[in-house]
>>> print(open('final_29.cif').read())   # mmCIF, C-alpha atoms and all ligand atoms
data_protein
#
loop_
_atom_site.label_atom_id
_atom_site.label_comp_id
_atom_site.auth_asym_id
_atom_site.auth_seq_id
_atom_site.Cartn_x
_atom_site.Cartn_y
_atom_site.Cartn_z
CA MET A 1 133.92 104.09 47.13
CA ASN A 2 132.92 106.58 44.43
CA MET A 3 133.77 110.00 45.92
CA GLU A 4 130.81 111.64 44.09
CA THR A 5 128.25 109.44 45.81
CA PRO A 6 126.76 111.40 48.73
CA THR A 7 126.46 109.30 51.89
CA LEU A 8 124.61 109.94 55.11
CA GLY A 9 127.78 109.19 57.05
CA GLY A 10 129.34 112.65 56.98
CA LEU A 11 126.13 114.66 57.07
CA SER A 12 125.97 117.70 59.27
CA ALA A 13 122.69 119.16 60.50
CA THR A 14 123.56 122.38 58.75
CA ASP A 15 124.00 120.78 55.36
CA PRO A 16 120.55 120.18 53.88
CA ALA A 17 122.04 120.13 50.40
CA ALA A 18 124.05 117.00 51.23
CA LEU A 19 120.97 115.33 52.75
CA LEU A 20 118.92 116.16 49.65
CA ALA A 21 121.68 114.78 47.41
CA ALA A 22 121.73 111.53 49.43
CA VAL A 23 117.94 111.11 49.23
CA ARG A 24 117.96 111.79 45.48
CA GLN A 25 120.79 109.29 45.07
CA ALA A 26 118.75 106.68 46.96
CA ASN A 27 115.95 107.19 44.43
CA ALA A 28 118.23 107.14 41.39
CA GLY A 29 117.96 103.36 40.99
CA THR A 30 114.13 103.34 40.75
CA PRO A 31 113.67 101.15 37.67
CA HIS A 32 110.51 102.73 36.22
CA PRO A 33 111.66 105.95 34.48
CA ARG A 34 108.47 107.96 35.03
CA LEU A 35 108.21 106.92 38.68
CA ARG A 36 111.87 107.87 39.14
CA GLU A 37 111.25 111.30 37.58
CA VAL A 38 108.12 111.99 39.66
CA LEU A 39 109.75 110.85 42.92
CA ASP A 40 112.85 112.93 42.24
CA ALA A 41 110.72 116.06 41.77
CA LEU A 42 108.66 115.19 44.86
CA ILE A 43 111.81 114.80 46.97
CA ARG A 44 113.22 118.12 45.75
CA HIS A 45 109.95 119.95 46.37
CA VAL A 46 109.24 118.54 49.85
CA HIS A 47 112.77 119.37 50.96
CA ALA A 48 112.50 122.89 49.53
CA PHE A 49 109.10 123.26 51.20
CA ALA A 50 110.39 122.19 54.62
CA LEU A 51 113.31 124.62 54.32
CA GLU A 52 111.15 127.49 53.09
CA VAL A 53 108.70 127.31 56.00
CA ASP A 54 111.35 126.11 58.48
CA LEU A 55 109.11 123.15 59.33
CA THR A 56 109.30 122.06 62.97
CA PRO A 57 109.08 118.40 64.13
CA ALA A 58 105.71 119.17 65.75
CA GLU A 59 104.37 120.60 62.50
CA LEU A 60 105.61 117.55 60.59
CA ASP A 61 103.76 115.33 63.09
CA LEU A 62 100.61 117.39 62.60
CA GLY A 63 100.82 117.16 58.82
CA LEU A 64 101.43 113.41 58.83
CA ASP A 65 98.54 112.90 61.25
CA PHE A 66 96.35 114.90 58.86
CA LEU A 67 97.30 112.57 55.98
CA VAL A 68 96.58 109.50 58.12
CA ARG A 69 93.15 110.90 58.97
CA ILE A 70 92.47 111.61 55.27
CA GLY A 71 92.99 107.89 54.67
CA GLN A 72 90.97 106.81 57.71
CA ALA A 73 88.03 108.98 56.65
CA SER A 74 87.99 107.42 53.16
CA GLY A 75 86.29 104.24 52.05
CA PRO A 76 83.93 102.89 49.41
CA HIS A 77 81.37 105.65 50.12
CA LYS A 78 83.57 108.67 50.80
CA ASN A 79 86.91 109.82 49.45
CA GLU A 80 88.69 112.58 51.39
CA GLY A 81 91.79 112.08 49.22
CA ILE A 82 89.94 113.28 46.13
CA LEU A 83 88.44 116.11 48.15
CA LEU A 84 91.90 117.21 49.34
CA ALA A 85 93.24 117.37 45.76
CA ASP A 86 90.10 119.32 44.83
CA ILE A 87 90.20 121.98 47.57
CA LEU A 88 93.93 122.53 46.95
CA GLY A 89 93.21 123.22 43.26
CA LEU A 90 95.42 120.28 42.27
CA ALA A 91 92.67 118.40 40.44
CA THR A 92 91.74 121.48 38.40
CA LEU A 93 95.40 122.21 37.61
CA VAL A 94 96.04 118.67 36.38
CA GLN A 95 92.81 118.53 34.36
CA LEU A 96 93.39 121.84 32.59
CA ARG A 97 97.05 121.09 31.94
CA GLY A 98 96.23 117.67 30.47
CA ALA A 99 93.84 119.34 28.04
CA ARG A 100 96.03 122.25 26.94
CA GLN A 101 96.56 120.99 23.36
CA ALA A 102 92.86 120.26 22.90
CA LEU A 103 91.95 123.66 24.33
CA ALA A 104 94.17 125.40 21.77
CA GLN A 105 92.12 123.64 19.07
CA GLY A 106 88.65 124.42 20.43
CA GLY A 107 88.27 121.39 22.71
CA THR A 108 85.75 121.61 25.55
CA GLU A 109 87.25 122.76 28.83
CA PRO A 110 87.45 119.92 31.35
CA ALA A 111 86.57 120.04 35.03
CA LEU A 112 87.36 117.74 37.92
CA VAL A 113 85.37 114.50 38.34
CA GLY A 114 84.84 115.01 42.07
CA PRO A 115 83.80 112.34 44.57
CA PHE A 116 80.17 111.76 43.48
CA TRP A 117 80.36 109.92 40.14
CA ARG A 118 78.85 106.45 40.49
CA ALA A 119 79.65 103.26 38.58
CA GLN A 120 76.80 101.81 36.53
CA GLN A 121 74.65 104.88 36.19
CA PRO A 122 71.52 103.73 34.33
CA LEU A 123 71.49 103.85 30.54
CA ARG A 124 68.44 105.87 29.52
CA ALA A 125 66.73 106.52 26.17
CA SER A 126 67.18 109.84 24.40
CA GLY A 127 64.59 112.33 25.63
CA ASP A 128 64.10 110.59 28.99
CA SER A 129 64.22 112.39 32.32
CA ILE A 130 66.94 111.62 34.84
CA ALA A 131 64.64 112.98 37.59
CA THR A 132 61.92 110.87 39.21
CA PRO A 133 58.49 112.57 38.95
CA ASP A 134 58.53 113.47 42.66
CA THR A 135 61.79 115.44 42.36
CA PRO A 136 61.05 119.10 43.13
CA GLY A 137 62.49 121.95 41.09
CA ALA A 138 62.19 123.86 37.83
CA PRO A 139 62.30 121.70 34.69
CA LEU A 140 65.57 121.68 32.78
CA HIS A 141 65.97 120.42 29.20
CA VAL A 142 69.54 119.57 28.21
CA ARG A 143 70.45 119.15 24.56
CA GLY A 144 73.93 118.53 23.31
CA ARG A 145 76.15 117.40 20.51
CA VAL A 146 79.39 115.44 20.78
CA ALA A 147 82.01 115.97 18.09
CA SER A 148 85.70 115.45 17.49
CA LEU A 149 88.02 118.47 17.39
CA ASP A 150 87.57 118.71 13.60
CA GLY A 151 83.78 118.97 14.02
CA ARG A 152 83.02 115.38 12.96
CA PRO A 153 80.00 114.18 14.98
CA LEU A 154 80.68 111.22 17.25
CA ALA A 155 77.85 108.68 17.03
CA GLY A 156 77.43 106.13 19.82
CA ALA A 157 79.40 108.19 22.35
CA ARG A 158 78.43 107.47 25.97
CA VAL A 159 77.40 110.63 27.84
CA GLU A 160 77.28 110.14 31.61
CA THR A 161 75.67 112.86 33.69
CA TRP A 162 74.98 113.43 37.39
CA GLN A 163 73.84 116.39 39.44
CA ALA A 164 72.62 117.51 42.82
CA SER A 165 68.94 118.10 43.50
CA PRO A 166 67.37 121.56 43.91
CA LYS A 167 68.11 121.02 47.61
CA GLY A 168 71.81 120.68 46.80
CA LEU A 169 72.07 116.97 47.60
CA TYR A 170 73.21 114.02 45.49
CA GLU A 171 70.88 111.02 45.78
CA ASN A 172 73.50 109.02 47.69
CA GLN A 173 73.50 111.77 50.37
CA ASP A 174 69.73 112.09 50.55
CA PRO A 175 67.35 109.39 51.87
CA ALA A 176 64.44 111.29 50.24
CA GLN A 177 65.70 110.49 46.74
CA GLN A 178 65.51 107.17 44.89
CA ASP A 179 68.64 105.25 44.07
CA MET A 180 70.32 106.72 40.95
CA ASN A 181 67.99 109.74 40.82
CA LEU A 182 69.48 112.64 38.81
CA ARG A 183 71.99 110.32 37.21
CA GLY A 184 72.05 108.70 33.82
CA ALA A 185 73.95 107.64 30.74
CA PHE A 186 72.91 108.36 27.14
CA LEU A 187 74.25 107.22 23.77
CA THR A 188 74.59 109.83 21.03
CA ASP A 189 72.70 109.39 17.75
CA ALA A 190 74.18 109.42 14.22
CA GLN A 191 74.62 113.21 14.42
CA GLY A 192 76.35 112.96 17.80
CA ARG A 193 73.30 114.37 19.61
CA PHE A 194 71.94 113.63 23.06
CA ASP A 195 68.87 114.98 24.80
CA PHE A 196 67.48 114.61 28.30
CA HIS A 197 65.22 116.24 30.86
CA SER A 198 66.00 117.04 34.47
CA VAL A 199 65.47 119.74 37.09
CA ARG A 200 67.56 122.82 37.69
CA PRO A 201 70.23 121.89 40.26
CA ALA A 202 71.24 123.97 43.28
CA GLY A 203 74.70 124.74 44.60
CA TYR A 204 75.90 122.85 47.66
CA PRO A 205 78.74 122.69 50.17
CA VAL A 206 81.41 120.02 49.70
CA PRO A 207 81.44 117.54 52.61
CA ILE A 208 82.96 119.26 55.67
CA ASP A 209 82.55 116.46 58.24
CA GLY A 210 86.12 115.17 57.76
CA PRO A 211 89.72 116.46 57.81
CA CYS A 212 89.17 118.52 54.62
CA GLY A 213 86.38 120.36 56.44
CA GLU A 214 88.83 121.11 59.27
CA LEU A 215 91.31 122.46 56.74
CA LEU A 216 88.73 124.71 55.10
CA ALA A 217 87.69 126.02 58.52
CA ALA A 218 91.33 126.64 59.50
CA GLN A 219 91.76 128.63 56.31
CA GLY A 220 88.58 130.61 56.96
CA ARG A 221 87.21 129.45 53.62
CA GLY A 222 83.66 128.72 52.55
CA ALA A 223 82.69 125.29 51.25
CA MET A 224 80.23 126.12 48.45
CA ARG A 225 80.18 124.95 44.87
CA PRO A 226 77.97 126.80 42.37
CA ALA A 227 75.09 124.77 40.87
CA HIS A 228 76.30 122.49 38.08
CA LEU A 229 75.80 119.37 36.03
CA HIS A 230 78.62 116.84 35.63
CA PHE A 231 79.48 115.05 32.40
CA ILE A 232 81.84 112.26 31.43
CA VAL A 233 81.88 111.58 27.69
CA VAL A 234 83.40 108.41 26.31
CA ALA A 235 83.92 107.93 22.55
CA PRO A 236 86.21 105.35 20.91
CA GLY A 237 89.47 106.83 19.62
CA HIS A 238 89.09 109.91 21.83
CA LYS A 239 90.32 111.02 25.21
CA VAL A 240 87.60 110.87 27.85
CA LEU A 241 86.12 114.31 28.59
CA ALA A 242 85.19 114.97 32.22
CA THR A 243 83.57 118.34 32.68
CA GLN A 244 80.85 120.35 34.41
CA PHE A 245 78.57 123.20 33.36
CA PHE A 246 77.80 125.85 35.96
CA ASP A 247 74.86 128.15 36.50
CA ILE A 248 76.31 131.64 35.96
CA GLU A 249 73.49 133.12 38.07
CA ASP A 250 74.47 131.15 41.16
CA PRO A 251 75.71 133.46 43.95
CA HIS A 252 78.87 131.32 44.22
CA ALA A 253 79.52 131.21 40.45
CA HIS A 254 82.85 132.96 40.89
CA GLU A 255 83.98 131.36 44.15
CA ASP A 256 83.90 127.62 43.61
CA VAL A 257 85.69 126.03 46.59
CA VAL A 258 87.35 123.51 44.24
CA PHE A 259 88.20 126.03 41.48
CA GLY A 260 86.40 124.08 38.74
CA ALA A 261 84.04 126.83 37.56
CA VAL A 262 86.28 128.29 34.86
CA GLY A 263 85.44 130.64 31.96
CA SER A 264 83.60 128.77 29.24
CA LEU A 265 81.94 126.33 31.66
CA LEU A 266 79.83 129.09 33.25
CA ARG A 267 76.55 129.15 31.35
CA HIS A 268 73.19 130.86 31.32
CA PHE A 269 70.40 128.34 31.88
CA GLU A 270 68.02 129.83 29.27
CA ALA A 271 64.46 130.46 30.50
CA ASP A 272 61.89 128.76 28.22
CA GLY A 273 59.11 131.23 29.11
CA GLN A 274 57.07 128.53 30.90
CA GLY A 275 59.00 128.28 34.15
CA GLY A 276 61.56 125.87 32.75
CA PHE A 277 65.13 126.22 31.53
CA GLY A 278 67.28 124.91 28.70
CA LEU A 279 70.95 124.19 28.31
CA ASP A 280 72.59 123.64 24.90
CA LEU A 281 76.00 122.00 24.93
CA ASP A 282 78.57 121.55 22.22
CA LEU A 283 81.15 119.02 23.44
CA ARG A 284 84.43 118.69 21.53
CA LEU A 285 86.68 115.71 22.29
CA GLU A 286 90.37 115.31 21.51
CA PRO A 287 91.45 112.23 19.53
CA GLY A 288 93.60 109.94 21.69
CA GLU A 289 93.58 107.02 24.05
CA THR A 290 90.26 106.32 25.79
CA ARG A 291 91.06 105.99 29.50
CA LEU A 292 88.32 106.28 32.10
CA PRO A 293 89.04 108.21 35.30
CA HIS A 294 88.84 106.40 38.63
CA CYS A 295 85.20 105.99 39.64
CA PRO A 296 84.90 106.99 43.32
CA LEU A 297 81.51 105.42 44.18
CA PRO A 298 79.98 101.98 43.57
C1 LIG B 1 81.29 117.66 42.93
O1 LIG B 1 81.10 118.51 42.11
O2 LIG B 1 80.52 116.72 42.93
C2 LIG B 1 82.39 117.82 43.93
C3 LIG B 1 83.64 118.16 43.49
C4 LIG B 1 84.65 118.31 44.41
C5 LIG B 1 84.40 118.14 45.75
C6 LIG B 1 83.13 117.81 46.19
C7 LIG B 1 82.12 117.66 45.26
FE FE B 2 79.03 118.12 41.84
#
>>> encode(input="final_29.cif", output="structure tokens")
Amino acid sequence: MNMETPTLGGLSATDPAALLAAVRQANAGTPHPRLREVLDALIRHVHAFALEVDLTPAELDLGLDFLVRIGQASGPHKNEGILLADILGLATLVQLRGARQALAQGGTEPALVGPFWRAQQPLRASGDSIATPDTPGAPLHVRGRVASLDGRPLAGARVETWQASPKGLYENQDPAQQDMNLRGAFLTDAQGRFDFHSVRPAGYPVPIDGPCGELLAAQGRGAMRPAHLHFIVVAPGHKVLATQFFDIEDPHAHEDVVFGAVGSLLRHFEADGQGGFGLDLDLRLEPGETRLPHCPLP
């Protein structure tokens, strides 16, 4: 036998380094190179984590039970897995890191997709409202322009948007709203412009009726997100932009429970002098492969 190959045979309970070496060796034959790399880092970090906190068997049981319950609480209409990545800041970290080259060149800051994007949001005509006439709230007029990093307007880009109501509820959480209310998709014109009407959204708490709610409570954290509108912009030859724009006047503007409300995404909703508000958006997309994020809701 190769003397350099660590085996479990001679392991002593006081030799975590030998155990780690054996587990890494077991992974070394993973054929897919990226999977091998990610698993190797995961193994090293979970071992280092267990050693750092001196994890007990009871605590390991508790943690594994938590993960099982995350899965059990998830289904076609709810995704606690996404919520967990969000409240741990992992989704924001990965989004911002993936965009670092674009950001250095003036690209729009991304923000997490979250669990409320729906497949097949209705395609609407430019200038339409995404709010049914019975939706309460102050009018909001959103105008925007989609361009590539070099400023070239992107015609025919698909701009998906969704938001909570002035009561802080998405339509799929609220029997008082019609199906697909406050959701829509728009195609940009030859100058890359889009234009729609809505109502000013309110902030809301993330769902706390599952294991993620227990975690937030155990941490003594709040659950609020500041008021925002979501966007996913899809243009051929460009990376998909998922982002959100936040109401800087919201009391929770600087304490988003999922850490998405970063610098340039905090905006003033400009008063129009007649009780309504306006939002002007300049969206800059990075050239690259067009890959849609996972859509959490049917
Ligand atoms: C959202 O903005 O829709 C959202 C994001 C993360 C967790 C819950 C909701
Ligand atoms: Fe949201």
>>> residues_near_ligand(input="final_29.cif", ligand="ligand FE 2 (chain B)", cutoff="7 Å", atoms="only C-alpha atoms and all ligand atoms", output="VMD selection string")
chain A and resid 114 116 163 to 164 228 to 230
>>> residues_near_ligand(input="final_29.cif", ligand="ligand LIG 1 (chain B)", cutoff="8 Å", atoms="only C-alpha atoms and all ligand atoms", output="PyMOL selection string")
chain A and resi 82-83+86-87+112-117+163-164+205-207+225+228+230+244+258
>>> residues_around(input="final_29.cif", residues="A:Thr161", least_positions_apart="6", cutoff="6 Å", atoms="all atoms listed in the file", output="ChimeraX atom specification")
/A:183-184,230-231
>>> closest_residue(input="final_29.cif", among="A:Ala223, A:Phe277, A:Glu249, A:His268", to="A:Arg200", atoms="all atoms listed in the file")
A:Phe277
>>> closest_residue(input="final_29.cif", among="A:Ala131, A:Val46, A:Leu64, A:Leu88", to="A:Leu215", atoms="all atoms listed in the file")
A:Leu88
>>> residues_near_point(input="final_29.cif", point="(81.4, 110.3, 26.2)", cutoff="7 Å", atoms="only C-alpha atoms", output="PyMOL selection string")
chain A and resi 157-160+232-235+240-241
>>> atom_distance(input="final_29.cif", atom1="atom CA of A:Phe194", atom2="atom CA of A:Arg145")
6.2 Å
>>> closest_residue(input="final_29.cif", among="A:Gln219, A:Gln120, A:Thr135, A:Ser126", to="A:Phe186", atoms="all atoms listed in the file")
A:Ser126
>>> residues_around(input="final_29.cif", residues="A:His254", least_positions_apart="4", cutoff="12 Å", atoms="all atoms listed in the file", output="JSON list (two decimals) with C-alpha atoms, in the frame of the given file")
[["chain", "number", "residue", "atom", "x", "y", "z"],
["A", 224, "MET", "CA", 80.23, 126.12, 48.45],
["A", 225, "ARG", "CA", 80.18, 124.95, 44.87],
["A", 226, "PRO", "CA", 77.97, 126.80, 42.37],
["A", 227, "ALA", "CA", 75.09, 124.77, 40.87],
["A", 246, "PHE", "CA", 77.80, 125.85, 35.96],
["A", 247, "ASP", "CA", 74.86, 128.15, 36.50],
["A", 248, "ILE", "CA", 76.31, 131.64, 35.96],
["A", 249, "GLU", "CA", 73.49, 133.12, 38.07],
["A", 250, "ASP", "CA", 74.47, 131.15, 41.16],
["A", 258, "VAL", "CA", 87.35, 123.51, 44.24],
["A", 259, "PHE", "CA", 88.20, 126.03, 41.48],
["A", 260, "GLY", "CA", 86.40, 124.08, 38.74],
["A", 261, "ALA", "CA", 84.04, 126.83, 37.56],
["A", 262, "VAL", "CA", 86.28, 128.29, 34.86],
["A", 263, "GLY", "CA", 85.44, 130.64, 31.96],
["A", 265, "LEU", "CA", 81.94, 126.33, 31.66],
["A", 266, "LEU", "CA", 79.83, 129.09, 33.25]]
>>> closest_residue(input="final_29.cif", among="A:Gln274, A:Ser129, A:Gln95, A:Ser198", to="A:Pro166", atoms="only C-alpha atoms")
A:Ser198
>>> atom_distance(input="final_29.cif", atom1="atom CA of A:Lys239", atom2="atom CA of A:Glu286")
5.7 Å
>>> closest_residue(input="final_29.cif", among="A:Leu285, A:Pro16, A:Gly192, A:Leu90", to="A:Asp54", atoms="only C-alpha atoms")
A:Pro16
>>> residues_around(input="final_29.cif", residues="stretch 102-108 of chain A", least_positions_apart="4", cutoff="9 Å", atoms="all atoms listed in the file", output="PyMOL selection string")
chain A and resi 96+98+148-150+241+243+264-265+282-287
>>> atom_distance(input="final_29.cif", atom1="atom CA of A:Tyr204", atom2="atom CA of A:Leu169")
7.0 Å
>>> residues_around(input="final_29.cif", residues="A:Arg118", least_positions_apart="5", cutoff="9 Å", atoms="all atoms listed in the file", output="PDB file with C-alpha atoms, in the coordinates of the input")
ATOM      1  CA  TRP A 162      74.980 113.430  37.390  1.00  0.00           C
ATOM      2  CA  MET A 180      70.320 106.720  40.950  1.00  0.00           C
ATOM      3  CA  ARG A 183      71.990 110.320  37.210  1.00  0.00           C
ATOM      4  CA  CYS A 295      85.200 105.990  39.640  1.00  0.00           C
ATOM      5  CA  PRO A 296      84.900 106.990  43.320  1.00  0.00           C
ATOM      6  CA  LEU A 297      81.510 105.420  44.180  1.00  0.00           C
ATOM      7  CA  PRO A 298      79.980 101.980  43.570  1.00  0.00           C
TER       8      PRO A 298
END
>>> decode(input="final_29.cif", residues="stretch 284-298 of chain A", atoms="N, CA, C and O atoms", output="compact mmCIF listing (two decimals), in the first residue's frame")
# COMPACT_ATOMS: atom_id res chain seq x y z
N ARG A 284 -27.47 48.70 -16.05
CA ARG A 284 -26.31 48.37 -16.89
C ARG A 284 -25.97 46.89 -16.76
O ARG A 284 -25.65 46.43 -15.65
N LEU A 285 -26.01 46.17 -17.87
CA LEU A 285 -25.79 44.72 -17.85
C LEU A 285 -24.41 44.37 -18.42
O LEU A 285 -23.94 45.01 -19.37
N GLU A 286 -23.82 43.33 -17.86
CA GLU A 286 -22.49 42.88 -18.28
C GLU A 286 -22.62 41.89 -19.45
O GLU A 286 -23.40 40.93 -19.35
N PRO A 287 -21.86 42.07 -20.52
CA PRO A 287 -21.88 41.07 -21.59
C PRO A 287 -21.48 39.70 -21.02
O PRO A 287 -20.64 39.62 -20.12
N GLY A 288 -22.07 38.64 -21.53
CA GLY A 288 -21.75 37.30 -21.04
C GLY A 288 -22.87 36.33 -21.35
O GLY A 288 -23.80 36.64 -22.12
N GLU A 289 -22.78 35.17 -20.72
CA GLU A 289 -23.76 34.12 -20.98
C GLU A 289 -25.07 34.42 -20.26
O GLU A 289 -25.07 34.77 -19.07
N THR A 290 -26.18 34.26 -20.99
CA THR A 290 -27.50 34.54 -20.41
C THR A 290 -28.01 33.28 -19.70
O THR A 290 -28.40 32.32 -20.35
N ARG A 291 -27.96 33.31 -18.36
CA ARG A 291 -28.43 32.13 -17.61
C ARG A 291 -29.41 32.57 -16.54
O ARG A 291 -29.06 33.32 -15.63
N LEU A 292 -30.66 32.12 -16.67
CA LEU A 292 -31.69 32.54 -15.72
C LEU A 292 -31.49 31.89 -14.35
O LEU A 292 -31.14 30.72 -14.27
N PRO A 293 -31.71 32.64 -13.27
CA PRO A 293 -31.67 32.01 -11.95
C PRO A 293 -32.86 31.05 -11.79
O PRO A 293 -33.84 31.13 -12.52
N HIS A 294 -32.74 30.19 -10.79
CA HIS A 294 -33.82 29.26 -10.46
C HIS A 294 -35.08 30.06 -10.09
O HIS A 294 -35.00 31.00 -9.29
N CYS A 295 -36.21 29.68 -10.67
CA CYS A 295 -37.45 30.40 -10.34
C CYS A 295 -38.16 29.63 -9.21
O CYS A 295 -38.55 28.48 -9.39
N PRO A 296 -38.33 30.27 -8.05
CA PRO A 296 -38.81 29.52 -6.88
C PRO A 296 -40.31 29.20 -6.89
O PRO A 296 -40.73 28.27 -6.20
N LEU A 297 -41.12 29.97 -7.63
CA LEU A 297 -42.59 29.77 -7.55
C LEU A 297 -43.20 29.54 -8.93
O LEU A 297 -42.80 30.20 -9.89
N PRO A 298 -44.19 28.64 -9.01
CA PRO A 298 -44.85 28.42 -10.30
C PRO A 298 -45.71 29.62 -10.70
O PRO A 298 -46.02 30.46 -9.88
